[in-house]
file target14.cif (mmCIF, C-alpha atoms)
data_work
loop_
_atom_site.label_atom_id
_atom_site.label_comp_id
_atom_site.auth_asym_id
_atom_site.auth_seq_id
_atom_site.Cartn_x
_atom_site.Cartn_y
_atom_site.Cartn_z
CA MET A 1 -122.34 -25.81 -69.28
CA ASP A 2 -125.05 -28.45 -69.50
CA GLN A 3 -122.85 -30.69 -67.34
CA LEU A 4 -123.42 -28.26 -64.46
CA ARG A 5 -127.16 -28.98 -64.79
CA PRO A 6 -128.45 -25.50 -64.00
CA ALA A 7 -132.03 -24.52 -64.52
CA ARG A 8 -132.33 -22.64 -67.78
CA ALA A 9 -132.94 -18.94 -67.44
CA GLY A 10 -131.50 -17.65 -70.68
CA ARG A 11 -131.63 -18.17 -74.40
CA GLY A 12 -130.31 -21.39 -75.88
CA GLY A 13 -131.54 -24.95 -75.60
CA ASP A 14 -134.80 -24.17 -73.85
CA ARG A 15 -136.56 -22.99 -77.01
CA HIS A 16 -139.97 -24.21 -75.91
CA GLY A 17 -139.73 -23.38 -72.21
CA LYS A 18 -142.07 -21.04 -70.46
CA TRP A 19 -139.30 -18.51 -69.84
CA ARG A 20 -136.61 -17.43 -72.26
CA LEU A 21 -135.36 -14.88 -69.82
CA ALA A 22 -132.62 -13.26 -71.85
CA ARG A 23 -135.10 -12.53 -74.64
CA GLN A 24 -137.63 -11.17 -72.17
CA LEU A 25 -135.02 -8.84 -70.67
CA ARG A 26 -133.98 -7.63 -74.10
CA LEU A 27 -137.54 -6.93 -75.16
CA LEU A 28 -138.25 -5.07 -71.93
CA GLY A 29 -135.20 -2.92 -72.44
CA LEU A 30 -136.06 -2.08 -76.03
CA ALA A 31 -139.66 -1.29 -75.15
CA THR A 32 -138.73 2.11 -73.74
CA HIS A 33 -135.28 2.74 -75.21
CA PRO A 34 -134.02 2.97 -78.80
CA PRO A 35 -132.34 -0.17 -80.27
CA GLU A 36 -128.85 1.26 -79.89
CA THR A 37 -129.20 1.31 -76.10
CA CYS A 38 -128.26 -2.00 -74.55
CA VAL A 39 -128.44 -0.96 -70.88
CA ASN A 40 -131.54 0.32 -69.17
CA ALA A 41 -130.92 1.13 -65.53
CA ASP A 42 -134.47 2.41 -65.07
CA LEU A 43 -136.05 -1.03 -65.33
CA PRO A 44 -134.65 -3.06 -62.41
CA ARG A 45 -137.98 -3.70 -60.73
CA GLY A 46 -139.93 -4.50 -63.87
CA ILE A 47 -137.21 -6.89 -64.96
CA ASN A 48 -136.71 -8.35 -61.51
CA ARG A 49 -140.31 -9.50 -61.22
CA GLN A 50 -139.74 -11.88 -64.12
CA VAL A 51 -136.25 -12.81 -62.94
CA PHE A 52 -137.31 -13.68 -59.43
CA GLU A 53 -140.43 -15.58 -60.44
CA ARG A 54 -138.15 -17.82 -62.46
CA LEU A 55 -135.49 -18.09 -59.75
CA ARG A 56 -138.05 -19.24 -57.19
CA GLU A 57 -139.29 -22.17 -59.25
CA PRO A 58 -138.34 -25.62 -57.84
CA ASP A 59 -135.73 -26.50 -60.46
CA ALA A 60 -133.93 -23.21 -59.93
CA LEU A 61 -133.94 -23.58 -56.16
CA ALA A 62 -132.58 -27.11 -56.45
CA SER A 63 -129.83 -26.62 -59.02
CA GLY A 64 -129.25 -22.90 -59.45
CA VAL A 65 -129.41 -20.84 -62.62
CA ILE A 66 -127.18 -19.04 -65.08
CA LEU A 67 -128.26 -15.46 -65.80
CA ASP A 68 -127.16 -14.25 -69.23
CA GLY A 69 -126.85 -10.48 -69.57
CA PHE A 70 -128.37 -9.57 -66.22
CA PRO A 71 -127.70 -7.56 -64.15
CA ARG A 72 -126.32 -4.87 -66.44
CA THR A 73 -125.94 -2.05 -63.94
CA VAL A 74 -124.93 -1.70 -60.30
CA VAL A 75 -128.50 -0.61 -59.54
CA GLN A 76 -129.82 -3.89 -60.93
CA ALA A 77 -127.11 -5.87 -59.12
CA LYS A 78 -128.09 -4.37 -55.76
CA ALA A 79 -131.76 -5.09 -56.48
CA LEU A 80 -130.83 -8.66 -57.32
CA GLU A 81 -129.04 -9.10 -53.99
CA THR A 82 -131.89 -7.55 -52.03
CA ASP A 83 -134.76 -9.42 -53.68
CA LEU A 84 -132.99 -12.76 -54.07
CA GLY A 85 -131.99 -12.89 -50.42
CA GLN A 86 -128.85 -14.92 -51.09
CA PRO A 87 -125.45 -14.10 -52.59
CA VAL A 88 -124.44 -14.68 -56.19
CA GLU A 89 -121.91 -17.52 -56.28
CA LEU A 90 -120.03 -16.65 -59.44
CA VAL A 91 -119.88 -13.77 -61.92
CA LEU A 92 -118.10 -14.53 -65.17
CA LYS A 93 -116.81 -11.58 -67.20
CA LEU A 94 -115.88 -12.48 -70.75
CA ALA A 95 -113.48 -10.18 -72.59
CA LEU A 96 -111.70 -9.84 -75.92
CA LYS A 97 -108.23 -8.46 -76.54
CA ARG A 98 -109.57 -5.58 -78.59
CA ASP A 99 -112.94 -3.88 -79.03
CA GLN A 100 -112.49 -4.21 -82.79
CA TYR A 101 -112.73 -8.00 -82.54
CA LEU A 102 -116.14 -7.62 -80.92
CA VAL A 103 -117.24 -5.12 -83.54
CA ASP A 104 -116.18 -7.47 -86.33
CA LYS A 105 -117.98 -10.44 -84.80
CA LEU A 106 -121.18 -8.51 -84.14
CA LEU A 107 -121.21 -7.15 -87.69
CA GLY A 108 -120.63 -10.71 -88.91
CA ARG A 109 -123.79 -12.14 -87.36
CA ARG A 110 -126.22 -13.63 -89.85
CA LEU A 111 -129.69 -15.15 -89.42
CA CYS A 112 -131.77 -17.18 -91.81
CA SER A 113 -134.49 -15.07 -93.40
CA ARG A 114 -137.00 -17.93 -93.53
CA ALA A 115 -139.60 -17.93 -90.78
CA GLY A 116 -139.27 -21.01 -88.60
CA CYS A 117 -135.63 -21.68 -89.49
CA ASP A 118 -133.20 -21.34 -86.59
CA GLY A 119 -130.14 -20.87 -88.79
CA SER A 120 -127.67 -18.59 -87.00
CA TYR A 121 -124.11 -18.00 -88.23
CA ASN A 122 -121.17 -15.63 -88.15
CA VAL A 123 -119.29 -14.76 -91.34
CA ALA A 124 -116.47 -12.82 -89.65
CA HIS A 125 -113.03 -14.42 -89.42
CA VAL A 126 -110.94 -12.78 -86.70
CA GLU A 127 -107.26 -13.70 -86.45
CA ASN A 128 -104.18 -12.13 -84.89
CA PRO A 129 -101.29 -14.60 -84.37
CA GLU A 130 -99.31 -12.10 -82.31
CA GLU A 131 -102.08 -12.06 -79.70
CA GLY A 132 -102.98 -15.73 -80.02
CA VAL A 133 -106.40 -14.83 -81.41
CA PHE A 134 -108.06 -17.21 -83.86
CA MET A 135 -111.83 -17.05 -84.12
CA PRO A 136 -112.92 -18.48 -87.48
CA ALA A 137 -116.19 -17.77 -89.21
CA LEU A 138 -119.11 -20.02 -88.24
CA LEU A 139 -120.64 -20.72 -91.64
CA PRO A 140 -123.49 -22.96 -92.83
CA LYS A 141 -122.48 -26.48 -93.83
CA ASN A 142 -122.68 -25.33 -97.44
CA GLY A 143 -119.83 -22.90 -96.77
CA SER A 144 -121.80 -19.91 -98.01
CA HIS A 145 -121.64 -16.40 -96.58
CA ASP A 146 -125.04 -15.56 -98.06
CA THR A 147 -127.28 -18.65 -98.03
CA CYS A 148 -128.56 -20.84 -95.19
CA ASP A 149 -128.41 -24.61 -95.45
CA CYS A 150 -132.17 -24.52 -96.02
CA GLY A 151 -131.57 -22.50 -99.19
CA SER A 152 -132.92 -19.19 -97.91
CA PRO A 153 -130.91 -15.96 -97.94
CA LEU A 154 -129.08 -14.90 -94.80
CA ARG A 155 -129.80 -11.50 -93.28
CA MET A 156 -128.23 -9.17 -90.76
CA ARG A 157 -130.04 -7.96 -87.67
CA ALA A 158 -131.41 -4.48 -88.21
CA ASP A 159 -129.40 -3.12 -85.27
CA ASP A 160 -126.09 -4.69 -86.30
CA THR A 161 -124.48 -1.56 -87.70
CA GLU A 162 -121.10 -0.18 -86.70
CA THR A 163 -122.66 2.98 -85.29
CA VAL A 164 -125.04 1.01 -83.07
CA VAL A 165 -122.35 -1.43 -81.96
CA ARG A 166 -119.94 1.34 -80.96
CA ASP A 167 -122.73 3.15 -79.14
CA ARG A 168 -123.39 -0.08 -77.23
CA LEU A 169 -119.72 -0.30 -76.30
CA ALA A 170 -119.80 3.26 -74.98
CA VAL A 171 -122.89 2.48 -72.89
CA TYR A 172 -121.21 -0.70 -71.63
CA GLU A 173 -118.15 1.25 -70.50
CA ARG A 174 -120.32 3.76 -68.68
CA GLU A 175 -123.07 1.59 -67.17
CA THR A 176 -121.98 -2.06 -67.05
CA LEU A 177 -118.21 -2.01 -66.53
CA PRO A 178 -118.61 -0.72 -62.93
CA LEU A 179 -120.09 -4.15 -62.12
CA ARG A 180 -116.57 -5.54 -62.35
CA ASP A 181 -115.48 -3.69 -59.21
CA PHE A 182 -118.87 -4.33 -57.54
CA TYR A 183 -118.50 -8.10 -57.83
CA ARG A 184 -114.73 -8.14 -57.34
CA GLU A 185 -115.26 -6.58 -53.91
CA ARG A 186 -117.63 -9.45 -53.12
CA GLY A 187 -115.02 -12.02 -54.14
CA VAL A 188 -117.18 -13.69 -56.82
CA LEU A 189 -115.69 -12.30 -60.04
CA GLU A 190 -113.81 -14.40 -62.58
CA GLU A 191 -112.49 -12.83 -65.79
CA PHE A 192 -111.85 -14.86 -68.92
CA THR A 193 -110.30 -13.60 -72.16
CA ILE A 194 -111.67 -15.26 -75.28
CA LEU A 195 -108.98 -16.12 -77.82
CA ARG A 196 -110.39 -18.98 -79.89
CA GLY A 197 -114.15 -18.62 -79.74
CA LEU A 198 -115.97 -21.90 -79.24
CA ASP A 199 -112.67 -23.72 -78.83
CA ASP A 200 -112.25 -21.91 -75.51
CA MET A 201 -115.30 -23.66 -74.06
CA PRO A 202 -113.47 -26.60 -72.39
CA GLN A 203 -111.12 -24.22 -70.57
CA LEU A 204 -114.03 -21.98 -69.61
CA GLU A 205 -116.06 -24.89 -68.25
CA THR A 206 -113.07 -26.06 -66.21
CA LEU A 207 -112.73 -22.59 -64.67
CA VAL A 208 -116.43 -22.46 -63.76
CA LYS A 209 -116.50 -25.95 -62.26
CA ARG A 210 -113.34 -25.30 -60.22
CA ARG A 211 -114.73 -22.06 -58.86
CA LEU A 212 -118.13 -23.54 -57.99
CA SER A 213 -116.51 -26.56 -56.34
CA ALA A 214 -114.36 -24.28 -54.21
CA THR A 215 -117.43 -22.27 -53.23
CA ALA A 216 -119.36 -25.42 -52.30
CA SER A 217 -116.52 -26.85 -50.19
CA SER A 218 -116.09 -23.61 -48.26
CA SER A 219 -119.78 -23.22 -47.45
#
call {"tool": "encode", "arguments": {"input": "target14.cif", "output": "structure tokens"}}
result
Amino acid sequence: MDQLRPARAGRGGDRHGKWRLARQLRLLGLATHPPETCVNADLPRGINRQVFERLREPDALASGVILDGFPRTVVQAKALETDLGQPVELVLKLALKRDQYLVDKLLGRRLCSRAGCDGSYNVAHVENPEEGVFMPALLPKNGSHDTCDCGSPLRMRADDTETVVRDRLAVYERETLPLRDFYRERGVLEEFTILRGLDDMPQLETLVKRRLSATASSS
């Protein structure tokens, strides 16, 4: 997505930027709700203050932004429309063939236990030839499931348990899935089914560029 040259408003390459918005949103949500709750509809205004401060900075106004994980409820989406004062151009909904694939991948997440090391991996291999699904494990270069390339042990996130993950899915179905109809009615929704993990990126980028180009030419 770097080729689209958006301003960064989510986690990823902007590790030293002033705003790592996705992290800020996550921390705000967990500040008043238990870790197993991934949606907090009661925080739209508190979250929006940080969102809109970032969106009004010159680079965002000039090139646009990608919001990762926000809005998460229809309440937040309506607040975004009202406070932003301009329509969202594209909403991308990523899906998997089965919830179990998501559960497996979330339970497969591993982080390096050494402070200052950014090692992040996934030890889960998900494959189903009948559905065209092939998402291999993303291991350290050393091929280990337990040890980072720096030599330190890998660890799971404290909230990566099957109970928590399935609770998150239930909350998603109840609170976030209604956004699909909300944005479909506005004509900005694109849905993409992930089959091959990172290998799907070229196809996904093509979809996004085509949609944004069509939006630009019609405006």
call {"tool": "closest_atom_pairs", "arguments": {"input": "target14.cif", "of": "stretch 73-101 of chain A", "to": "stretch 191-208 of chain A", "cutoff": "12 Å", "atoms": "only C-alpha atoms", "output": "Markdown table"}}
result
| residue | atom | partner | partner_atom | distance |
| --- | --- | --- | --- | --- |
| A:Glu89 | CA | A:Val208 | CA | 10.5 |
| A:Leu90 | CA | A:Val208 | CA | 8.1 |
| A:Val91 | CA | A:Glu191 | CA | 8.4 |
| A:Leu92 | CA | A:Glu191 | CA | 5.9 |
| A:Lys93 | CA | A:Glu191 | CA | 4.7 |
| A:Leu94 | CA | A:Phe192 | CA | 5.0 |
| A:Ala95 | CA | A:Thr193 | CA | 4.7 |
| A:Leu96 | CA | A:Ile194 | CA | 5.5 |
| A:Lys97 | CA | A:Thr193 | CA | 7.1 |
| A:Arg98 | CA | A:Thr193 | CA | 10.3 |
| A:Tyr101 | CA | A:Leu195 | CA | 10.1 |
call {"tool": "write_last_selection", "arguments": {"input": "target14.cif", "atoms": "C-alpha atoms", "output": "mmCIF file, in the coordinates of the input"}}
result
data_model
loop_
_atom_site.group_PDB
_atom_site.id
_atom_site.type_symbol
_atom_site.label_atom_id
_atom_site.label_comp_id
_atom_site.auth_asym_id
_atom_site.auth_seq_id
_atom_site.Cartn_x
_atom_site.Cartn_y
_atom_site.Cartn_z
ATOM 1 C CA GLU A 89 -121.910 -17.520 -56.280
ATOM 2 C CA LEU A 90 -120.030 -16.650 -59.440
ATOM 3 C CA VAL A 91 -119.880 -13.770 -61.920
ATOM 4 C CA LEU A 92 -118.100 -14.530 -65.170
ATOM 5 C CA LYS A 93 -116.810 -11.580 -67.200
ATOM 6 C CA LEU A 94 -115.880 -12.480 -70.750
ATOM 7 C CA ALA A 95 -113.480 -10.180 -72.590
ATOM 8 C CA LEU A 96 -111.700 -9.840 -75.920
ATOM 9 C CA LYS A 97 -108.230 -8.460 -76.540
ATOM 10 C CA ARG A 98 -109.570 -5.580 -78.590
ATOM 11 C CA TYR A 101 -112.730 -8.000 -82.540
#
call {"tool": "resolve_selection", "arguments": {"input": "target14.cif", "expression": "the PyMOL selection byres ((chain A and resi 176) around 12)", "output": "compact mmCIF listing (two decimals) with C-alpha atoms, in the frame of the given file"}}
result
# COMPACT_ATOMS: atom_id res chain seq x y z
CA CYS A 38 -128.26 -2.00 -74.55
CA VAL A 39 -128.44 -0.96 -70.88
CA ASN A 40 -131.54 0.32 -69.17
CA ALA A 41 -130.92 1.13 -65.53
CA GLY A 69 -126.85 -10.48 -69.57
CA PHE A 70 -128.37 -9.57 -66.22
CA PRO A 71 -127.70 -7.56 -64.15
CA ARG A 72 -126.32 -4.87 -66.44
CA THR A 73 -125.94 -2.05 -63.94
CA VAL A 74 -124.93 -1.70 -60.30
CA VAL A 75 -128.50 -0.61 -59.54
CA GLN A 76 -129.82 -3.89 -60.93
CA ALA A 77 -127.11 -5.87 -59.12
CA LYS A 93 -116.81 -11.58 -67.20
CA ARG A 168 -123.39 -0.08 -77.23
CA LEU A 169 -119.72 -0.30 -76.30
CA ALA A 170 -119.80 3.26 -74.98
CA VAL A 171 -122.89 2.48 -72.89
CA TYR A 172 -121.21 -0.70 -71.63
CA GLU A 173 -118.15 1.25 -70.50
CA ARG A 174 -120.32 3.76 -68.68
CA GLU A 175 -123.07 1.59 -67.17
CA LEU A 177 -118.21 -2.01 -66.53
CA PRO A 178 -118.61 -0.72 -62.93
CA LEU A 179 -120.09 -4.15 -62.12
CA ARG A 180 -116.57 -5.54 -62.35
CA ASP A 181 -115.48 -3.69 -59.21
CA PHE A 182 -118.87 -4.33 -57.54
CA TYR A 183 -118.50 -8.10 -57.83
call {"tool": "closest_residue", "arguments": {"input": "target14.cif", "among": "A:Ser217, A:Asp104, A:Gly132, A:Val65", "to": "A:Val88", "atoms": "all atoms listed in the file"}}
result
A:Val65
call {"tool": "closest_residue", "arguments": {"input": "target14.cif", "among": "A:Gly108, A:Gly143, A:Pro87, A:Gly119", "to": "A:Thr161", "atoms": "all atoms listed in the file"}}
result
A:Gly108
call {"tool": "closest_residue", "arguments": {"input": "target14.cif", "among": "A:Lys141, A:Arg110, A:Arg155, A:Lys105", "to": "A:Glu127", "atoms": "all atoms listed in the file"}}
result
A:Lys105
call {"tool": "atom_distance", "arguments": {"input": "target14.cif", "atom1": "atom CA of A:Ala124", "atom2": "atom CA of A:Pro136"}}
result
7.0 Å
call {"tool": "atom_distance", "arguments": {"input": "target14.cif", "atom1": "atom CA of A:Cys150", "atom2": "atom CA of A:Met135"}}
result
24.7 Å
call {"tool": "closest_residue", "arguments": {"input": "target14.cif", "among": "A:Asp149, A:Asn122, A:Leu106, A:Gly85", "to": "A:Thr163", "atoms": "only C-alpha atoms"}}
result
A:Leu106
call {"tool": "atom_distance", "arguments": {"input": "target14.cif", "atom1": "atom CA of A:Ala115", "atom2": "atom CA of A:Leu154"}}
result
11.7 Å
call {"tool": "closest_residue", "arguments": {"input": "target14.cif", "among": "A:Leu139, A:Ala216, A:Val164, A:Leu67", "to": "A:Tyr121", "atoms": "all atoms listed in the file"}}
result
A:Leu139
call {"tool": "closest_residue", "arguments": {"input": "target14.cif", "among": "A:Asp146, A:Leu55, A:Asn128, A:Cys112", "to": "A:Gln86", "atoms": "only C-alpha atoms"}}
result
A:Leu55
call {"tool": "build_atoms", "arguments": {"input": "target14.cif", "residues": "stretch 101-113 of chain A", "atoms": "N, CA, C and O atoms", "output": "short mmCIF file (atom, residue, chain, number, x, y, z; two decimals), in the coordinates of the input"}}
result
data_model
loop_
_atom_site.label_atom_id
_atom_site.label_comp_id
_atom_site.auth_asym_id
_atom_site.auth_seq_id
_atom_site.Cartn_x
_atom_site.Cartn_y
_atom_site.Cartn_z
N TYR A 101 -112.35 -6.61 -82.32
CA TYR A 101 -112.73 -8.00 -82.54
C TYR A 101 -114.22 -8.18 -82.27
O TYR A 101 -114.92 -8.90 -83.01
N LEU A 102 -114.72 -7.54 -81.23
CA LEU A 102 -116.14 -7.62 -80.92
C LEU A 102 -116.97 -6.96 -82.00
O LEU A 102 -118.00 -7.49 -82.42
N VAL A 103 -116.53 -5.80 -82.47
CA VAL A 103 -117.24 -5.12 -83.54
C VAL A 103 -117.32 -6.01 -84.77
O VAL A 103 -118.39 -6.17 -85.38
N ASP A 104 -116.20 -6.61 -85.15
CA ASP A 104 -116.18 -7.47 -86.33
C ASP A 104 -117.13 -8.65 -86.18
O ASP A 104 -117.87 -8.99 -87.13
N LYS A 105 -117.12 -9.27 -85.01
CA LYS A 105 -117.98 -10.44 -84.80
C LYS A 105 -119.47 -10.06 -84.77
O LYS A 105 -120.31 -10.79 -85.30
N LEU A 106 -119.79 -8.93 -84.18
CA LEU A 106 -121.18 -8.51 -84.14
C LEU A 106 -121.67 -8.14 -85.54
O LEU A 106 -122.81 -8.46 -85.92
N LEU A 107 -120.82 -7.50 -86.32
CA LEU A 107 -121.21 -7.15 -87.69
C LEU A 107 -121.24 -8.38 -88.59
O LEU A 107 -121.83 -8.35 -89.67
N GLY A 108 -120.63 -9.47 -88.13
CA GLY A 108 -120.63 -10.71 -88.91
C GLY A 108 -121.79 -11.63 -88.64
O GLY A 108 -121.93 -12.68 -89.26
N ARG A 109 -122.66 -11.27 -87.69
CA ARG A 109 -123.79 -12.14 -87.36
C ARG A 109 -124.77 -12.21 -88.53
O ARG A 109 -125.10 -11.21 -89.16
N ARG A 110 -125.25 -13.42 -88.79
CA ARG A 110 -126.22 -13.63 -89.85
C ARG A 110 -127.31 -14.59 -89.35
O ARG A 110 -127.02 -15.56 -88.65
N LEU A 111 -128.54 -14.31 -89.74
CA LEU A 111 -129.69 -15.15 -89.42
C LEU A 111 -130.37 -15.57 -90.69
O LEU A 111 -130.36 -14.85 -91.70
N CYS A 112 -131.00 -16.74 -90.66
CA CYS A 112 -131.77 -17.18 -91.81
C CYS A 112 -133.01 -16.30 -91.94
O CYS A 112 -133.65 -15.96 -90.95
N SER A 113 -133.34 -15.94 -93.17
CA SER A 113 -134.49 -15.07 -93.40
C SER A 113 -135.81 -15.82 -93.45
O SER A 113 -136.87 -15.19 -93.50
#
